[in-house]
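K.L.:
I'm passing along input-v9.txt; it holds compact mmCIF, C-alpha atoms.
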```txt
# COMPACT_ATOMS: atom_id res chain seq x y z
CA MET A 1226 -11.70 36.80 24.51
CA LYS A 1227 -15.34 37.81 24.87
CA VAL A 1228 -16.14 39.33 21.48
CA LYS A 1229 -19.20 37.85 19.86
CA CYS A 1230 -19.26 36.59 16.29
CA TYR A 1231 -21.83 34.60 14.33
CA ILE A 1232 -21.63 31.42 12.28
CA GLN A 1233 -23.36 32.21 9.00
CA GLY A 1234 -22.64 28.83 7.42
CA MET A 1235 -20.44 25.81 7.93
CA ALA A 1236 -19.35 22.48 6.46
CA ALA A 1237 -17.37 19.52 7.72
CA ILE A 1238 -15.77 16.38 6.36
CA SER A 1239 -15.23 13.90 9.17
CA PRO A 1240 -15.42 10.17 9.97
CA GLN A 1241 -19.19 10.73 10.32
CA HIS A 1242 -21.79 11.68 7.68
CA THR A 1243 -21.30 15.38 8.29
CA PHE A 1244 -20.75 16.60 4.73
CA ASP A 1245 -23.98 15.47 3.06
CA GLY A 1246 -25.91 13.96 5.91
CA ASP A 1247 -28.45 15.53 8.24
CA ILE A 1248 -27.14 15.37 11.80
CA THR A 1249 -30.57 14.52 13.17
CA THR A 1250 -31.02 11.45 10.95
CA ALA A 1251 -27.48 10.37 9.93
CA PRO A 1252 -26.37 7.10 11.55
CA PHE A 1253 -23.40 6.96 13.92
CA VAL A 1254 -20.54 5.48 11.85
CA GLN A 1255 -18.94 2.80 14.02
CA THR A 1256 -15.52 1.24 13.59
CA GLU A 1257 -13.39 -1.30 15.40
CA SER A 1258 -10.20 0.40 14.23
CA ASN A 1259 -8.21 2.78 16.45
CA ARG A 1260 -7.73 5.04 13.44
CA LEU A 1261 -10.87 6.93 12.39
CA VAL A 1262 -10.89 7.80 8.70
CA CYS A 1263 -12.92 10.52 6.99
CA ILE A 1264 -15.90 9.76 4.78
CA GLU A 1265 -14.85 11.60 1.63
CA PRO A 1266 -17.36 13.06 -0.81
CA ASP A 1267 -17.16 13.06 -4.61
CA TYR A 1268 -14.79 15.98 -5.24
CA LYS A 1269 -15.54 16.42 -8.95
CA PRO A 1270 -18.52 18.78 -8.50
CA PHE A 1271 -16.26 21.11 -6.48
CA ILE A 1272 -12.80 20.95 -8.06
CA PRO A 1273 -11.93 21.04 -11.79
CA GLY A 1274 -10.41 17.75 -12.97
CA ASN A 1275 -7.17 19.36 -14.09
CA SER A 1276 -6.58 20.72 -10.56
CA LEU A 1277 -7.89 17.64 -8.78
CA ARG A 1278 -5.33 15.30 -10.33
CA ARG A 1279 -2.49 17.06 -8.54
CA MET A 1280 -4.05 17.39 -5.09
CA THR A 1281 -3.50 14.90 -2.31
CA ARG A 1282 -6.17 13.91 0.17
CA VAL A 1283 -6.08 16.70 2.76
CA LEU A 1284 -5.97 19.38 0.07
CA ARG A 1285 -9.06 17.93 -1.56
CA MET A 1286 -10.81 17.69 1.81
CA GLY A 1287 -9.84 21.22 2.89
CA LEU A 1288 -10.71 22.92 -0.39
CA THR A 1289 -14.01 21.06 -0.81
CA THR A 1290 -15.10 21.80 2.77
CA ALA A 1291 -14.30 25.49 2.29
CA LEU A 1292 -16.24 25.66 -1.00
CA LYS A 1293 -19.25 23.86 0.48
CA CYS A 1294 -19.13 26.19 3.49
CA LEU A 1295 -19.16 29.26 1.23
CA ALA A 1296 -22.08 27.81 -0.73
CA ASN A 1297 -23.99 27.05 2.49
CA SER A 1298 -23.39 30.60 3.68
CA GLY A 1299 -24.56 32.31 0.52
CA VAL A 1300 -21.28 34.21 0.37
CA ALA A 1301 -19.72 34.62 -3.07
CA THR A 1302 -16.26 35.92 -2.12
CA PRO A 1303 -14.51 34.47 0.88
CA GLY A 1304 -13.02 37.70 2.30
CA PRO A 1305 -10.19 36.97 4.75
CA ILE A 1306 -9.24 33.26 4.71
CA VAL A 1307 -7.89 32.09 8.07
CA THR A 1308 -7.12 28.47 8.78
CA GLY A 1309 -5.36 26.25 11.26
CA THR A 1310 -3.63 22.92 10.81
CA GLY A 1311 -1.34 20.96 13.06
CA LYS A 1312 0.34 18.88 10.37
CA GLY A 1313 -0.78 20.15 6.95
CA SER A 1314 -0.45 17.65 4.14
CA LEU A 1315 1.29 14.67 5.70
CA GLN A 1316 1.07 12.66 2.48
CA ASP A 1317 3.02 15.30 0.55
CA THR A 1318 5.50 15.83 3.38
CA GLU A 1319 6.22 12.11 3.61
CA LYS A 1320 6.58 11.78 -0.16
CA PHE A 1321 8.92 14.75 -0.37
CA ILE A 1322 11.12 13.58 2.51
CA LYS A 1323 11.29 10.02 1.14
CA GLU A 1324 12.33 11.34 -2.28
CA ILE A 1325 15.06 13.52 -0.76
CA GLU A 1326 16.56 10.32 0.62
CA GLN A 1327 15.82 8.13 -2.42
CA TYR A 1328 17.19 10.54 -5.03
CA LYS A 1329 20.00 11.93 -2.85
CA GLU A 1330 18.58 15.46 -2.88
CA THR A 1331 18.42 15.65 -6.68
CA ALA A 1332 15.53 15.43 -9.17
CA LEU A 1333 12.82 16.22 -6.65
CA ASN A 1334 9.20 16.57 -7.75
CA PRO A 1335 7.93 20.11 -7.22
CA THR A 1336 4.30 19.15 -6.46
CA PRO A 1337 4.77 17.39 -3.09
CA PHE A 1338 7.15 20.17 -2.02
CA ILE A 1339 4.64 22.91 -2.86
CA GLN A 1340 1.75 21.03 -1.29
CA SER A 1341 3.64 20.07 1.84
CA THR A 1342 3.65 23.73 2.87
CA TYR A 1343 0.91 24.42 5.41
CA ASN A 1344 -0.73 27.29 3.54
CA SER A 1345 -1.45 25.27 0.37
CA VAL A 1346 -5.15 24.88 1.14
CA ASN A 1347 -5.54 28.63 1.73
CA GLY A 1348 -3.80 29.32 -1.55
CA LEU A 1349 -6.06 26.90 -3.41
CA ILE A 1350 -9.21 28.46 -1.93
CA ALA A 1351 -8.03 31.95 -2.86
CA LEU A 1352 -7.08 30.85 -6.39
CA GLN A 1353 -10.35 29.10 -7.06
CA GLN A 1354 -12.50 31.91 -5.57
CA ASN A 1355 -10.36 34.82 -6.82
CA GLY A 1356 -9.77 35.89 -3.22
CA THR A 1357 -7.17 38.62 -2.78
CA ASP A 1358 -7.91 39.47 0.84
CA TYR A 1359 -6.00 38.60 4.04
CA ASN A 1360 -4.79 35.00 3.92
CA ASN A 1361 -3.18 33.24 6.88
CA THR A 1362 -2.61 29.72 8.18
CA PHE A 1363 -1.81 29.04 11.84
CA VAL A 1364 0.32 26.03 12.71
CA HIS A 1365 0.41 25.72 16.51
CA ARG A 1366 -0.30 22.08 17.31
CA GLY A 1367 -3.40 21.87 19.50
CA PHE A 1368 -3.98 25.62 19.25
CA SER A 1369 -3.89 25.82 15.43
CA PHE A 1370 -7.62 26.14 14.75
CA GLU A 1371 -8.20 28.14 17.93
CA ASN A 1372 -5.62 30.74 16.87
CA ALA A 1373 -7.28 30.97 13.46
CA LEU A 1374 -10.57 31.55 15.25
CA VAL A 1375 -9.17 34.24 17.55
CA ASP A 1376 -7.51 35.95 14.57
CA SER A 1377 -10.82 35.86 12.67
CA MET A 1378 -12.68 37.36 15.61
CA MET A 1379 -10.13 40.18 15.76
CA LEU A 1380 -10.50 40.79 12.01
CA LEU A 1381 -14.27 41.02 12.46
CA GLN A 1382 -13.74 43.45 15.34
CA GLU A 1383 -11.53 45.56 13.09
CA GLY A 1384 -14.28 45.85 10.48
CA ALA A 1385 -14.24 42.78 8.21
CA SER A 1386 -17.82 41.85 7.36
CA HIS A 1387 -17.05 38.15 7.28
CA THR A 1388 -14.20 35.64 7.33
CA LEU A 1389 -13.74 32.11 6.05
CA THR A 1390 -12.26 30.25 8.99
CA GLY A 1391 -11.41 26.58 9.15
CA SER A 1392 -9.10 23.68 9.72
CA PHE A 1393 -7.87 20.55 7.95
CA GLU A 1394 -5.99 17.52 9.21
CA GLU A 1395 -5.17 14.06 7.92
CA MET A 1396 -3.65 10.94 9.42
CA THR A 1397 -1.42 8.61 7.43
CA GLU A 1398 -0.42 5.05 8.17
CA GLU A 1399 3.17 6.13 8.72
CA HIS A 1400 2.33 8.99 11.06
CA PHE A 1401 -0.07 6.76 13.00
CA TYR A 1402 2.81 4.32 13.50
CA ILE A 1403 5.22 7.09 14.58
CA LYS A 1404 2.76 8.40 17.18
CA SER A 1405 2.02 4.88 18.39
CA ARG A 1406 5.71 4.63 19.36
CA ILE A 1407 5.22 7.43 21.90
CA GLY A 1408 2.04 5.88 23.27
CA GLN A 1409 -0.56 8.24 21.84
CA TRP A 1410 -2.90 5.43 20.75
CA ARG A 1411 -4.51 2.51 22.54
CA THR A 1412 -2.55 -0.68 22.06
CA ALA A 1413 -5.64 -2.95 21.93
CA PRO A 1414 -8.34 -2.19 19.36
CA VAL A 1415 -11.28 -0.35 20.94
CA GLY A 1416 -12.57 1.60 17.94
CA ASN A 1417 -15.10 4.31 18.63
CA THR A 1418 -17.74 2.09 20.20
CA ARG A 1419 -15.84 0.99 23.29
CA LEU A 1420 -13.59 4.04 23.78
CA PHE A 1421 -15.26 5.17 27.00
CA GLU A 1422 -15.81 1.73 28.56
CA GLN A 1423 -12.58 2.14 30.46
CA HIS A 1424 -10.05 4.97 30.72
CA LEU A 1425 -6.68 3.47 29.76
CA PRO A 1426 -3.43 4.97 28.40
CA GLY A 1427 -3.81 6.20 24.80
CA THR A 1428 -6.74 7.08 22.59
CA ILE A 1429 -7.92 6.71 18.97
CA SER A 1430 -6.63 8.88 16.14
CA GLY A 1431 -8.77 11.00 13.92
CA GLU A 1432 -8.82 13.51 11.10
CA GLY A 1433 -11.14 15.98 9.47
CA SER A 1434 -11.82 19.36 7.98
CA ALA A 1435 -14.30 21.98 9.17
CA PHE A 1436 -14.95 25.46 7.81
CA PHE A 1437 -17.12 28.34 9.01
CA VAL A 1438 -18.16 31.66 7.53
CA LEU A 1439 -18.10 34.01 10.49
CA THR A 1440 -19.80 37.39 10.55
CA ALA A 1441 -19.63 40.36 12.90
CA ALA A 1442 -23.37 40.97 12.75
CA GLN A 1443 -26.21 38.55 13.29
CA THR A 1444 -28.36 37.71 10.25
CA PRO A 1445 -31.58 35.68 9.92
CA ALA A 1446 -29.40 32.84 8.59
CA SER A 1447 -26.98 32.80 11.55
CA LYS A 1448 -26.66 29.28 12.94
CA ALA A 1449 -25.05 30.06 16.29
CA ALA A 1450 -22.93 32.67 18.04
CA ILE A 1451 -19.43 32.23 19.44
CA SER A 1452 -19.48 34.38 22.55
CA GLY A 1453 -16.31 33.44 24.39
CA ILE A 1454 -12.99 31.68 23.92
CA LYS A 1455 -9.97 31.20 26.12
CA LEU A 1456 -6.70 29.40 25.31
CA LEU A 1457 -4.61 28.04 28.18
CA TYR A 1458 -1.19 26.47 27.81
CA LYS A 1459 -0.50 23.78 30.44
CA PRO A 1460 -2.73 25.48 33.03
CA SER A 1461 -2.74 24.66 36.72
CA GLU A 1462 -5.91 23.01 38.00
CA GLU A 1463 -6.80 26.22 39.84
CA ARG A 1464 -6.47 28.32 36.70
CA LEU A 1465 -8.43 25.85 34.59
CA SER A 1466 -11.20 25.64 37.22
CA ALA A 1467 -11.47 29.43 37.32
CA VAL A 1468 -11.77 29.72 33.52
CA LEU A 1469 -14.31 26.88 33.27
CA GLN A 1470 -16.36 28.58 35.99
CA GLU A 1471 -16.02 31.99 34.35
CA LEU A 1472 -17.13 30.86 30.87
CA GLY A 1473 -19.33 27.87 31.61
CA ALA A 1474 -21.26 28.66 34.79
CA ASP A 1475 -24.51 29.47 32.97
CA ALA A 1476 -24.16 26.90 30.13
CA ASP A 1477 -26.87 24.25 29.66
CA LEU A 1478 -24.67 21.69 27.94
CA VAL A 1479 -21.00 20.74 28.08
CA ILE A 1480 -19.18 19.28 25.07
CA SER A 1481 -16.17 17.46 26.43
CA GLY A 1482 -12.97 16.57 24.58
CA ASP A 1483 -12.58 13.43 26.72
CA ASN A 1484 -10.82 10.84 24.57
CA GLY A 1485 -10.66 7.92 27.00
CA ASP A 1486 -6.93 8.48 27.67
CA SER A 1487 -6.21 7.86 31.35
CA ASN A 1488 -3.00 9.93 31.11
CA TYR A 1489 -5.03 13.14 30.91
CA ALA A 1490 -8.39 12.07 32.36
CA ARG A 1491 -7.87 14.29 35.42
CA TYR A 1492 -8.68 17.41 33.40
CA TYR A 1493 -12.03 16.02 32.31
CA GLU A 1494 -12.75 14.82 35.84
CA LEU A 1495 -12.12 18.40 36.95
CA LEU A 1496 -14.53 19.61 34.25
CA GLY A 1497 -17.26 17.40 35.71
CA GLU A 1498 -16.55 18.71 39.21
CA VAL A 1499 -16.52 22.40 38.23
CA LEU A 1500 -19.44 22.19 35.79
CA PRO A 1501 -21.78 19.40 36.97
CA LYS A 1502 -24.09 19.75 33.96
CA PRO A 1503 -25.35 17.50 31.17
CA ALA A 1504 -22.29 16.59 29.07
CA ILE A 1505 -21.58 14.83 25.80
CA PRO A 1506 -18.22 13.69 24.38
CA PHE A 1507 -17.20 14.11 20.71
CA LYS A 1508 -13.89 12.29 20.18
CA HIS A 1509 -15.67 8.97 19.49
CA LEU A 1510 -17.11 10.73 16.42
CA CYS A 1511 -13.96 12.30 15.00
CA GLY A 1512 -10.97 10.83 16.88
CA GLU A 1513 -8.08 12.81 18.37
CA TYR A 1514 -6.11 15.29 16.26
CA ASP A 1515 -4.58 18.74 16.54
CA THR A 1516 -7.62 20.57 15.21
CA ALA A 1517 -10.37 18.38 16.68
CA GLY A 1518 -11.68 21.54 18.37
CA SER A 1519 -13.07 22.64 15.00
CA PHE A 1520 -15.21 19.50 14.87
CA ALA A 1521 -16.48 20.30 18.38
CA LEU A 1522 -17.44 23.80 17.23
CA TRP A 1523 -19.20 22.36 14.16
CA LEU A 1524 -21.05 19.90 16.40
CA ALA A 1525 -22.08 22.59 18.91
CA ALA A 1526 -23.37 24.87 16.16
CA ALA A 1527 -25.21 22.00 14.44
CA LEU A 1528 -26.89 20.94 17.70
CA LEU A 1529 -27.88 24.52 18.55
CA ASP A 1530 -29.15 25.13 15.03
CA THR A 1531 -31.33 21.99 14.92
CA GLY A 1532 -32.16 22.09 18.62
CA LYS A 1533 -31.74 18.32 18.80
CA ILE A 1534 -29.08 15.91 20.02
CA PRO A 1535 -29.13 12.68 17.95
CA GLY A 1536 -29.29 9.97 20.60
CA GLU A 1537 -27.72 7.39 18.29
CA TRP A 1538 -24.50 9.42 18.18
CA PHE A 1539 -24.17 9.38 21.97
CA PRO A 1540 -25.03 5.86 23.17
CA MET A 1541 -22.80 6.35 26.25
CA VAL A 1542 -24.92 9.24 27.57
CA LYS A 1543 -27.82 7.97 29.70
CA GLU A 1544 -29.93 11.12 29.63
CA LEU A 1545 -29.63 13.82 26.99
CA PRO A 1546 -30.91 17.31 27.77
CA GLY A 1547 -34.12 18.28 26.01
CA GLU A 1548 -33.45 21.98 25.68
CA PHE A 1549 -30.20 23.88 25.57
CA ARG A 1550 -29.28 27.39 24.48
CA LYS A 1551 -25.72 27.80 25.68
CA VAL A 1552 -22.97 25.25 25.12
CA VAL A 1553 -19.48 25.27 26.60
CA ILE A 1554 -16.78 23.27 24.81
CA TYR A 1555 -13.71 22.16 26.74
CA ASN A 1556 -10.92 20.39 24.90
CA HIS A 1557 -7.19 19.88 25.28
CA PHE A 1558 -4.50 18.31 23.13
CA PHE A 1559 -2.54 15.71 25.11
CA GLY A 1560 -2.57 17.87 28.23
CA GLU A 1561 -0.77 20.84 26.69
CA GLN A 1562 -3.08 23.16 24.75
CA HIS A 1563 -6.42 23.68 26.53
CA THR A 1564 -9.38 25.55 25.03
CA VAL A 1565 -12.67 26.68 26.54
CA MET A 1566 -15.24 28.01 24.06
CA VAL A 1567 -18.81 29.24 24.46
CA VAL A 1568 -21.38 28.80 21.69
CA GLU A 1569 -24.94 30.16 21.95
CA LYS A 1570 -28.23 29.69 20.17
CA VAL A 1571 -29.47 32.52 17.96
CA ASN A 1572 -32.64 33.05 15.91
CA GLY A 1573 -35.23 31.30 17.98
CA MET B 1419 11.18 5.18 -31.62
CA GLU B 1420 7.51 4.00 -31.48
CA GLU B 1421 8.28 1.92 -28.43
CA LEU B 1422 9.94 4.90 -26.73
CA LYS B 1423 6.97 7.19 -27.46
CA GLN B 1424 4.52 4.62 -26.07
CA LYS B 1425 6.61 4.26 -22.91
CA LEU B 1426 6.91 8.03 -22.59
CA LYS B 1427 3.15 8.49 -22.82
CA GLU B 1428 2.64 5.94 -20.04
CA GLN B 1429 5.25 7.68 -17.90
CA ILE B 1430 3.68 11.12 -18.48
CA ILE B 1431 0.23 9.82 -17.49
CA GLU B 1432 1.64 8.30 -14.31
CA ALA B 1433 3.86 11.26 -13.35
CA LEU B 1434 1.11 13.84 -13.88
CA ASN B 1435 -1.72 11.62 -12.60
CA LEU B 1436 -3.77 12.12 -15.78
CA GLN B 1437 -6.45 9.74 -14.53
CA ASP B 1438 -8.89 9.88 -17.44
CA THR B 1439 -6.23 9.83 -20.17
CA LYS B 1440 -4.94 6.74 -22.00
CA PRO B 1441 -1.70 6.59 -24.02
CA ALA B 1442 -3.80 6.29 -27.21
CA ASP B 1443 -5.46 9.66 -26.39
CA ILE B 1444 -2.13 11.50 -26.67
CA ASP B 1445 -1.23 12.51 -30.20
CA ASP B 1446 2.53 12.30 -30.86
CA ASN B 1447 2.67 15.82 -32.29
CA ALA B 1448 -0.04 17.55 -30.26
CA PRO B 1449 1.22 20.34 -27.99
CA LEU B 1450 1.50 19.24 -24.37
CA PHE B 1451 0.93 22.73 -22.95
CA GLY B 1452 -1.93 25.18 -23.44
CA GLU B 1453 -4.05 23.18 -25.87
CA GLY B 1454 -3.70 19.41 -26.21
CA LEU B 1455 -3.25 17.97 -22.73
CA GLY B 1456 -3.55 21.44 -21.20
CA LEU B 1457 -0.53 21.11 -18.96
CA ASP B 1458 0.90 24.05 -16.98
CA SER B 1459 4.23 25.32 -15.64
CA ILE B 1460 4.30 22.95 -12.66
CA ASP B 1461 3.76 20.04 -15.05
CA SER B 1462 6.78 21.21 -17.07
CA LEU B 1463 8.91 20.91 -13.93
CA GLU B 1464 7.47 17.45 -13.32
CA LEU B 1465 8.42 16.44 -16.88
CA MET B 1466 11.98 17.72 -16.34
CA VAL B 1467 12.16 15.51 -13.24
CA LEU B 1468 10.80 12.59 -15.30
CA LEU B 1469 13.58 13.03 -17.88
CA GLU B 1470 16.20 13.11 -15.15
CA ARG B 1471 14.89 10.14 -13.18
CA GLN B 1472 13.85 7.83 -16.00
CA TYR B 1473 16.48 8.67 -18.61
CA GLY B 1474 19.30 10.28 -16.64
CA ILE B 1475 19.03 13.46 -18.74
CA LYS B 1476 19.31 16.83 -17.04
CA VAL B 1477 17.97 19.82 -18.98
CA GLU B 1478 20.11 22.75 -17.84
CA ASP B 1479 18.85 25.51 -20.15
CA PRO B 1480 15.15 26.44 -19.62
CA ARG B 1481 14.95 27.78 -23.21
CA GLU B 1482 16.01 24.36 -24.44
CA GLY B 1483 13.36 22.81 -22.17
CA ARG B 1484 10.61 24.72 -23.92
CA LYS B 1485 11.53 23.14 -27.24
CA ILE B 1486 12.04 19.66 -25.79
CA LEU B 1487 8.70 19.58 -23.98
CA GLN B 1488 6.66 20.73 -26.97
CA SER B 1489 5.19 17.29 -27.69
CA VAL B 1490 5.76 13.57 -27.09
CA GLN B 1491 7.53 13.48 -30.47
CA SER B 1492 10.00 16.24 -29.49
CA MET B 1493 10.63 14.63 -26.10
CA ALA B 1494 11.30 11.22 -27.70
CA GLU B 1495 13.62 12.74 -30.30
CA PHE B 1496 15.57 14.52 -27.56
CA ILE B 1497 15.87 11.36 -25.45
CA GLN B 1498 17.02 9.36 -28.47
CA SER B 1499 19.62 12.00 -29.41
CA LYS B 1500 21.06 11.81 -25.89
CA GLN B 1501 21.06 8.03 -25.83
CA GLN B 1502 22.87 7.54 -29.16
CA PRO B 1503 26.61 6.89 -28.69
CA ALA B 1504 28.71 9.85 -29.85
```
Have the structure of the file written as C-alpha cells, please.

P.N.:
Amino acid sequence: MKVKCYIQGMAAISPQHTFDGDITTAPFVQTESNRLVCIEPDYKPFIPGNSLRRMTRVLRMGLTTALKCLANSGVATPGPIVTGTGKGSLQDTEKFIKEIEQYKETALNPTPFIQSTYNSVNGLIALQQNGTDYNNTFVHRGFSFENALVDSMMLLQEGASHTLTGSFEEMTEEHFYIKSRIGQWRTAPVGNTRLFEQHLPGTISGEGSAFFVLTAAQTPASKAAISGIKLLYKPSEERLSAVLQELGADADLVISGDNGDSNYARYYELLGEVLPKPAIPFKHLCGEYDTAGSFALWLAAALLDTGKIPGEWFPMVKELPGEFRKVVIYNHFFGEQHTVMVVEKVNG
Amino acid sequence: MEELKQKLKEQIIEALNLQDTKPADIDDNAPLFGEGLGLDSIDSLELMVLLERQYGIKVEDPREGRKILQSVQSMAEFIQSKQQPA
C-alpha cells in the first residue's frame, strides 16, 4: 500500500522511558531478565478512580497511551478508533479460564470475562472520550497492529480527517512459561544487553502499547509520514528481497526487527544483503511480541522528529548515521508475518 | 450480625477492588449504588457472585436482587435469613 498518511501525535508505554521521557536524553533501561516489562506511569491523572479499580494492567496501559496520544495531538475527539492486539488482556483471560475450572462453570465474575475480550480497550477509549465513530480491533497475531494501520490508512483515503490507531500487549508469568515450552525464549538469561552478542535459538519477550493520531493531510505539527507498507505472510526469499528493494532502495536508515533468534536470522541476513545501509535494531528496547511493529513505528517517528539517534540506546551499533530522512522498518513475527514499512521526515 | 457485616464489608472491598476504602468508611445503611459507594451495574453482578461463592446463596430473581443489594445491612439480613435453619 503506497498511500501517504501523517503522524500528528503519538505516545508509547514500553520497557523504556518512552511515556514521559525525552528520547534524546532518556537512559537505556537495561535488564538481565529475558522478560522485558513496561515502565508504567501513574494512571490516576488519566483514568477516574472508580474506573481504574476494575481495569487490569493492559487496559490501563492501552487507555492511558491512547489518552496521552490524543492530548499530544491536540485532538479532542478521537474519530475512528482502530487498534491491534495479538493477545488482548492475558491477565483477565487467565483469571476467567481459571475460575471456569475452579467454580465448575458457575458463579463466574463478569469483569474478567468482559475485559478478556479483545475490543475492551477500544470500548474504554470511546466511553471516556464520548467517541461514537468507527471502532475496530484487529487480532491477527503478528499482523494485528499492521492491519489496524492499513485499515486506518484506508479510512483516511475514504475521507476521515484523522484516526486514533494503536496497539497494546502484555506478557504474564504464565504465558511466558507456556511460550518457553515451545522454545520462543532464550534458555540462558541474556537480558537486553547481551541479546545480539550471539545469535542462538530463542529471544527475549516484551510488551507495550503505542498509539498514533494519523491524518490524511500534513499539518505544521506532523511528526512523520508513513508512505508505504506491505504485509507478507511466509514469503519466499525472492519475494521478500523484491519488496525490500521496492520500498527500501532509497531509504537512509533501516530499523530491523532482529531479535537475536538464530531460528529466523536468515531473514535479517537477507535484509542486510538487499539493503546494505546503516541499520539499528529495536527488540532490545521493547522485546518480542505480536505488536512490536508499533514500537518500531513509534521509534522511527521519534527519531525522524528529533533528527537524532540516542547513541546510548544502540551500544551495539558502531557508527550511527548523522542525517536521515527516510526510514524503512522490516520486522517479522517468528518467521510468519513479515512487514515492511516506510516512514519519512516531514516539516524540515 | 455485627461480625457478619464487618466480614461483608471486607469482602465487598476485596471483590470490587475498592482500594482507597476501609470497612469503617462504609455505613451499614448507606446505599451501595448511585450515591454512597457509587457502585454500578457490573458491581451488582460481582456482588451476586460474592453471595454465591462466599455464602452459597444464589439470587434467582433480579427484582429480589435490587432489594438485597441496597446496603450492607440489607445484604447481611438476607444472608442471615438464608442461614437460619427452617

K.L.:
May I have a table of the residues of chain B lying at most 6 Å from chain A, giving each one's closest pair of atoms and their distance in Å to one decimal, counting all atoms listed in the file, ordered by chain and ascending residue number, as JSON lines?

P.N.:
```
{"residue": "B:Asn1435", "atom": "CA", "partner": "A:Arg1278", "partner_atom": "CA", "distance": 5.6}
{"residue": "B:Glu1464", "atom": "CA", "partner": "A:Asn1334", "partner_atom": "CA", "distance": 5.9}
{"residue": "B:Val1467", "atom": "CA", "partner": "A:Ala1332", "partner_atom": "CA", "distance": 5.3}
```

K.L.:
Rounded to one decimal, what separation in Å do you get between atom CA of A:Gly1485 and atom CA of A:Phe1558?

P.N.:
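According to the coordinates, atom CA of A:Gly1485 and atom CA of A:Phe1558 are separated by 12.7 Å.
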
K.L.:
Can you work out the spacing between atom CA of B:Asp1458 and atom CA of B:Gln1488 in Å, to one decimal?

P.N.:
12.0 Å

K.L.:
If we count all atoms listed in the file, what is near A:Ser1481 at a cut-off of 9 Å, once residues fewer than 4 positions away on the same chain are taken out, given as a ChimeraX atom specification?

P.N.:
/A:1493,1496,1504-1508,1521,1553-1556

K.L.:
Dump as a PDB file with C-alpha atoms, in the frame of the given file all residues having an atom at most 10 Å from (-9.4, 22.2, 5.9), computed in the file's coordinates with only C-alpha atoms.

P.N.:
```
ATOM      1  CA  ALA A1236     -19.350  22.480   6.460  1.00  0.00           C
ATOM      2  CA  ALA A1237     -17.370  19.520   7.720  1.00  0.00           C
ATOM      3  CA  ILE A1238     -15.770  16.380   6.360  1.00  0.00           C
ATOM      4  CA  VAL A1283      -6.080  16.700   2.760  1.00  0.00           C
ATOM      5  CA  LEU A1284      -5.970  19.380   0.070  1.00  0.00           C
ATOM      6  CA  ARG A1285      -9.060  17.930  -1.560  1.00  0.00           C
ATOM      7  CA  MET A1286     -10.810  17.690   1.810  1.00  0.00           C
ATOM      8  CA  GLY A1287      -9.840  21.220   2.890  1.00  0.00           C
ATOM      9  CA  LEU A1288     -10.710  22.920  -0.390  1.00  0.00           C
ATOM     10  CA  THR A1289     -14.010  21.060  -0.810  1.00  0.00           C
ATOM     11  CA  THR A1290     -15.100  21.800   2.770  1.00  0.00           C
ATOM     12  CA  ALA A1291     -14.300  25.490   2.290  1.00  0.00           C
ATOM     13  CA  THR A1308      -7.120  28.470   8.780  1.00  0.00           C
ATOM     14  CA  GLY A1309      -5.360  26.250  11.260  1.00  0.00           C
ATOM     15  CA  THR A1310      -3.630  22.920  10.810  1.00  0.00           C
ATOM     16  CA  GLY A1313      -0.780  20.150   6.950  1.00  0.00           C
ATOM     17  CA  VAL A1346      -5.150  24.880   1.140  1.00  0.00           C
ATOM     18  CA  ASN A1347      -5.540  28.630   1.730  1.00  0.00           C
ATOM     19  CA  PHE A1370      -7.620  26.140  14.750  1.00  0.00           C
ATOM     20  CA  THR A1390     -12.260  30.250   8.990  1.00  0.00           C
ATOM     21  CA  GLY A1391     -11.410  26.580   9.150  1.00  0.00           C
ATOM     22  CA  SER A1392      -9.100  23.680   9.720  1.00  0.00           C
ATOM     23  CA  PHE A1393      -7.870  20.550   7.950  1.00  0.00           C
ATOM     24  CA  GLU A1394      -5.990  17.520   9.210  1.00  0.00           C
ATOM     25  CA  GLU A1395      -5.170  14.060   7.920  1.00  0.00           C
ATOM     26  CA  GLY A1433     -11.140  15.980   9.470  1.00  0.00           C
ATOM     27  CA  SER A1434     -11.820  19.360   7.980  1.00  0.00           C
ATOM     28  CA  ALA A1435     -14.300  21.980   9.170  1.00  0.00           C
ATOM     29  CA  PHE A1436     -14.950  25.460   7.810  1.00  0.00           C
ATOM     30  CA  THR A1516      -7.620  20.570  15.210  1.00  0.00           C
ATOM     31  CA  SER A1519     -13.070  22.640  15.000  1.00  0.00           C
TER      32      SER A1519
END
```

K.L.:
Could you tell me how far atom CA of A:Phe1437 sits from atom CA of A:Gly1304, in Å to one decimal place?

P.N.:
12.2 Å

K.L.:
Need the shell around A:Arg1411: protein/DNA/RNA residues with any atom at most 7 Å away, counting only C-alpha atoms. Skip same-chain ones fewer than 4 positions apart. Format as a VMD selection string?

P.N.:
chain A and resid 1426 to 1429

K.L.:
Go through A:Gln1316, A:Lys1533, A:Pro1337, A:Leu1374 and flag the residue nearest B:Leu1434, using only C-alpha atoms for the distances.

P.N.:
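Closest candidate: A:Pro1337.
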
K.L.:
Show me, as an mmCIF file with C-alpha atoms, keeping the file's coordinate frame, the residues that have an atom within 8 Å of B:Leu1426 when counting all atoms listed in the file, minus same-chain residues fewer than 3 positions from it.

P.N.:
```
data_model
loop_
_atom_site.group_PDB
_atom_site.id
_atom_site.type_symbol
_atom_site.label_atom_id
_atom_site.label_comp_id
_atom_site.auth_asym_id
_atom_site.auth_seq_id
_atom_site.Cartn_x
_atom_site.Cartn_y
_atom_site.Cartn_z
ATOM 1 C CA LEU B 1422 9.940 4.900 -26.730
ATOM 2 C CA LYS B 1423 6.970 7.190 -27.460
ATOM 3 C CA GLN B 1429 5.250 7.680 -17.900
ATOM 4 C CA ILE B 1430 3.680 11.120 -18.480
ATOM 5 C CA VAL B 1490 5.760 13.570 -27.090
ATOM 6 C CA ALA B 1494 11.300 11.220 -27.700
#
```

K.L.:
Taking all atoms listed in the file into account, which of A:Lys1320, A:His1400, A:Lys1448, A:His1424 comes nearest A:Ile1232?

P.N.:
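Among A:Lys1320, A:His1400, A:Lys1448, A:His1424, it is A:Lys1448 that comes nearest to A:Ile1232.
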